[in-house]
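Below is one structure, written out as structure tokens; comments come after it.
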Amino acid sequence: MPGAGSGAAAPIVFHPDYTVPLPPGHRFPMGKFGRIKEVLVADGVVSAEALHRPEPVSRAALELAHEPAYVAAVFGLALDADAERRLGFALSDALLRRSRAAVGGTVLAARLALEHGLACNTAGGSHHAFAGYGAGFCLFNDIAVATRLLQEERQVERVVVIDLDVHQGDGTADFFKDDARVFTFSVHCEANYPLRKQKSDLDVAVPAGTGDGVYLSVVRTHLAPILEKCRPDLAFYIAGVDPHGDDLLGKLALTDEGLRARDRHVIEACLDAGVPLACVVGGGYGNDLELLARRHSSVHRTACEIFAAR
């Protein structure tokens with residue numbers, strides 16, 4: 001694998017704009033993104049100097065995936081009250097900068113994955129954003145934008161999206177519903193947001209209370225055949241930690257050990273199949289930002305361990 005081995009850390013992407021102020025009491029834990037980076041640096045997983053800083057995604061790149069009228073409304077800070085309620089945020093210039101940085105981070109992680117075989121963003125996974133509107137704390141769909149941009153540049157053609165956030169990736173499924181080049185795979189809690197699900201290429205909806213054993217069996221059963229069938233040029237992995245039993249919005253019952261085993265399996269399955277993999281953070285909700293950031297950092301730690309050993 002290009003770039004792997006010799007004890008090097010997997011490329012990790014971070015931008016200071018990943019965190020912006022929110023009103024007191026807002027249930028989205030925005031501060032976790034900066035804390036993920038701080039935890040990884042403090043624990044020696046990666047040095048601050050080795051972090052890759054993305055350029056904010058351009059308006060033109062956003063319009064490869066999103067409807068130009070929607071992009072124009074966001075850039076003009078002109079979403080109406082209903083659109084902001086569906087999004088879950090009051091639109092602001094800071095939120096726009098944050099979203100452009102996060103999408104740029106996923107684009108950069110994808111480019112680094114194509115170069116090195118594996119890379120991780122410390123944000124991303126905004127899978128509830130549709131072409132014409134944002135929803136569920138997702139303003140722009142970073143994976144859709146990155147996929148369309150890399151396809152436009154002829155860097156990739158076939159892509160697999162491995163979405164293991166506890167919530168179905170409805171926006172991503174809708175983006176690619178008519179595109180045979182992109183395979184969307186979602187394992188999610190059936191009795192959870194969004195109420196109205198979209199149709200991924202493969203949806204596995206597990207019941208509330210599902211724990212490590214059943215969940216890991218589902219992932220292990222389906223992932224290798226998907227990679228073998230699709231033979232993608234690139235895979236994206238949404239490594240949401242909201243399937244954890246303590247997550248405020250999750251309803252499943254995975255443990256920290258179960259999440260680590262899941263991350264290890266996804267990363268190793270992709271690399272064993274020769275598929276470059278870009279990992280993004282996805283969902284995770286809780287009031288203890290330190291605990292939440294450490295839980296999210298599992299995928300970055302695991303990626304670096306595997307990368308260094310190959």
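All residue names refer to the structure tokens as shown: chains lettered A, B, ... in order, residues numbered from 1 in each chain, ligands numbered from 1 in order.
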Name the residues in contact with Asp82 in chain A at a cut-off of 12 Å, using only C-alpha atoms, excluding same-chain residues fewer than 4 positions from it; report them as a CSV table (one decimal) with N, CA and C atoms, in the first residue's frame.
```
chain,number,residue,atom,x,y,z
A,78,ALA,N,-29.7,33.0,3.6
A,78,ALA,CA,-31.1,33.3,3.3
A,78,ALA,C,-32.0,32.1,3.4
A,86,ARG,N,-35.6,22.5,10.1
A,86,ARG,CA,-35.2,21.2,9.5
A,86,ARG,C,-33.7,20.9,9.7
A,87,LEU,N,-32.9,21.9,9.5
A,87,LEU,CA,-31.5,21.8,9.6
A,87,LEU,C,-31.1,21.5,11.0
A,88,GLY,N,-31.7,22.2,12.0
A,88,GLY,CA,-31.4,22.1,13.4
A,88,GLY,C,-30.4,23.2,13.9
A,89,PHE,N,-30.0,24.1,13.0
A,89,PHE,CA,-29.1,25.2,13.3
A,89,PHE,C,-29.7,26.5,12.7
A,90,ALA,N,-29.4,27.6,13.4
A,90,ALA,CA,-29.6,28.9,12.8
A,90,ALA,C,-28.4,29.2,11.9
A,91,LEU,N,-28.7,29.5,10.6
A,91,LEU,CA,-27.6,29.7,9.7
A,91,LEU,C,-26.9,31.0,10.0
A,133,TYR,N,-31.7,20.7,0.2
A,133,TYR,CA,-31.9,21.2,1.6
A,133,TYR,C,-31.1,20.5,2.6
A,134,GLY,N,-30.8,21.1,3.7
A,134,GLY,CA,-30.1,20.5,4.8
A,134,GLY,C,-31.1,20.0,5.8
A,135,ALA,N,-30.7,19.0,6.6
A,135,ALA,CA,-31.5,18.4,7.7
A,135,ALA,C,-30.6,17.7,8.7
```
| If we count only C-alpha atoms, what is near range 179-187 of chain A at a cut-off of 7 Å, once residues fewer than 2 positions away on the same chain are taken out, given as a PyMOL selection string? | chain A and resi 157-164+168-169+173+176-177+200-205
| Contact residues around Val280 in chain A with only C-alpha atoms at 9 Å, ignoring same-chain residues under 3 positions, as a list in words |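 Result of the neighbour search: Thr106, Ala109, Ala119, Cys120, Asn121, Thr122, Ala123, Gly124, Gly125, Phe236, Tyr237, Ile238, Ala239, Gly240 and Val299 of chain A.
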| remark: Here CA of Ser58 in chain A and CA of Asn141 in chain A stand apart by 13.5 Å
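Distances from A:Gly44, A:Pro232, A:Pro29, A:Gly213 to Leu248 in chain A were compared using only C-alpha atoms, and the smallest one belongs to A:Pro29.
Candidate residues A:Asp246, A:Glu67, A:Glu268, A:Glu152 were compared for distance to Leu292 in chain A, and the nearest is A:Asp246, using only C-alpha atoms.
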| task | Check the DSSP output for the backbone and give back, as a PyMOL selection string, the residues of range 169-247 of chain A in strand (DSSP E). | result | chain A and resi 182-189+202-206+234-238
Keeping only N, CA and C atoms, take the residues you just selected and write them out as a CSV table (one decimal), in the first residue's frame.
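Below is the file part.csv, written as the result:
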```csv
chain,number,residue,atom,x,y,z
A,182,VAL,N,-22.2,4.2,-7.6
A,182,VAL,CA,-22.0,4.4,-6.1
A,182,VAL,C,-22.9,3.5,-5.4
A,183,PHE,N,-22.3,2.7,-4.5
A,183,PHE,CA,-23.1,1.7,-3.7
A,183,PHE,C,-23.2,2.2,-2.3
A,184,THR,N,-24.4,2.4,-1.8
A,184,THR,CA,-24.6,2.9,-0.4
A,184,THR,C,-25.1,1.8,0.5
A,185,PHE,N,-24.4,1.6,1.6
A,185,PHE,CA,-24.6,0.5,2.5
A,185,PHE,C,-24.8,1.2,3.9
A,186,SER,N,-26.0,1.0,4.5
A,186,SER,CA,-26.3,1.6,5.8
A,186,SER,C,-26.8,0.6,6.8
A,187,VAL,N,-26.1,0.5,7.9
A,187,VAL,CA,-26.6,-0.3,9.1
A,187,VAL,C,-27.0,0.7,10.1
A,188,HIS,N,-28.3,0.7,10.5
A,188,HIS,CA,-28.9,1.7,11.4
A,188,HIS,C,-30.0,1.2,12.3
A,189,CYS,N,-30.4,1.9,13.3
A,189,CYS,CA,-31.4,1.5,14.2
A,189,CYS,C,-32.8,1.8,13.4
A,202,LEU,N,-28.1,-1.1,0.0
A,202,LEU,CA,-28.4,-2.1,1.0
A,202,LEU,C,-28.6,-1.4,2.3
A,203,ASP,N,-29.8,-1.6,2.9
A,203,ASP,CA,-30.1,-1.1,4.2
A,203,ASP,C,-30.3,-2.3,5.1
A,204,VAL,N,-29.7,-2.3,6.3
A,204,VAL,CA,-29.9,-3.3,7.3
A,204,VAL,C,-30.3,-2.5,8.6
A,205,ALA,N,-31.6,-2.6,8.9
A,205,ALA,CA,-32.2,-1.9,10.0
A,205,ALA,C,-32.3,-2.8,11.2
A,206,VAL,N,-31.5,-2.5,12.2
A,206,VAL,CA,-31.5,-3.4,13.4
A,206,VAL,C,-32.4,-2.8,14.5
A,234,LEU,N,-12.7,3.7,-4.4
A,234,LEU,CA,-12.6,4.4,-3.2
A,234,LEU,C,-13.8,4.0,-2.3
A,235,ALA,N,-13.6,3.9,-1.0
A,235,ALA,CA,-14.7,3.7,0.0
A,235,ALA,C,-14.7,4.9,1.0
A,236,PHE,N,-15.8,5.3,1.4
A,236,PHE,CA,-16.0,6.2,2.5
A,236,PHE,C,-16.6,5.4,3.7
A,237,TYR,N,-16.1,5.7,4.9
A,237,TYR,CA,-16.6,5.0,6.1
A,237,TYR,C,-17.1,6.1,7.0
A,238,ILE,N,-18.4,6.1,7.3
A,238,ILE,CA,-19.0,7.0,8.3
A,238,ILE,C,-19.0,6.2,9.6
```
| field | Contact residues around Asp256 in chain A with only C-alpha atoms at 8 Å, ignoring same-chain residues under 4 positions, as a PyMOL selection string | value | chain A and resi 244+260+295
For the selection just defined, write its residues with N, CA and C atoms to a file, as an mmCIF file, in the first residue's frame.
```
data_model
loop_
_atom_site.group_PDB
_atom_site.id
_atom_site.type_symbol
_atom_site.label_atom_id
_atom_site.label_comp_id
_atom_site.auth_asym_id
_atom_site.auth_seq_id
_atom_site.Cartn_x
_atom_site.Cartn_y
_atom_site.Cartn_z
ATOM 1 N N HIS A 244 -23.456 3.497 20.282
ATOM 2 C CA HIS A 244 -23.049 3.165 21.654
ATOM 3 C C HIS A 244 -24.250 3.184 22.599
ATOM 4 N N ARG A 260 -14.714 -0.398 18.629
ATOM 5 C CA ARG A 260 -13.340 -0.586 18.167
ATOM 6 C C ARG A 260 -13.232 -1.793 17.237
ATOM 7 N N ARG A 295 -14.248 8.552 22.455
ATOM 8 C CA ARG A 295 -14.977 7.493 21.741
ATOM 9 C C ARG A 295 -14.819 7.683 20.234
#
```
| request: Among the residues of range 134-174 of chain A, find those DSSP assigns to alpha helix (DSSP H) from the backbone and print them as number ranges by chain. | output: A: 142-152, 170-174
| task | Go through A:Ala110, A:Ala278, A:Val219, A:Leu289 one by one, measure the shortest atom-to-atom distance of each to Arg27 in chain A using only C-alpha atoms, and give the residue with the smallest value. | result |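 Going through A:Ala110, A:Ala278, A:Val219, A:Leu289 one by one, the smallest distance to Arg27 in chain A is for A:Leu289.
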| field | Between CA of Ala273 in chain A and CA of Leu254 in chain A, distance in Å (one decimal) | value | 26.3 Å
| field | Interatomic distance (Å, one decimal) between CA of Glu290 in chain A and CA of Met30 in chain A | value |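 Between these atoms lies a distance of 12.2 Å.
Within the 10 Å cut-off around Glu63 in chain A, using only C-alpha atoms and omitting residues fewer than 6 positions from it on the same chain, the listed residues are Ala69, Tyr70, Val71, Ala72, Ala131, Val145, Arg148 and Leu149 of chain A.
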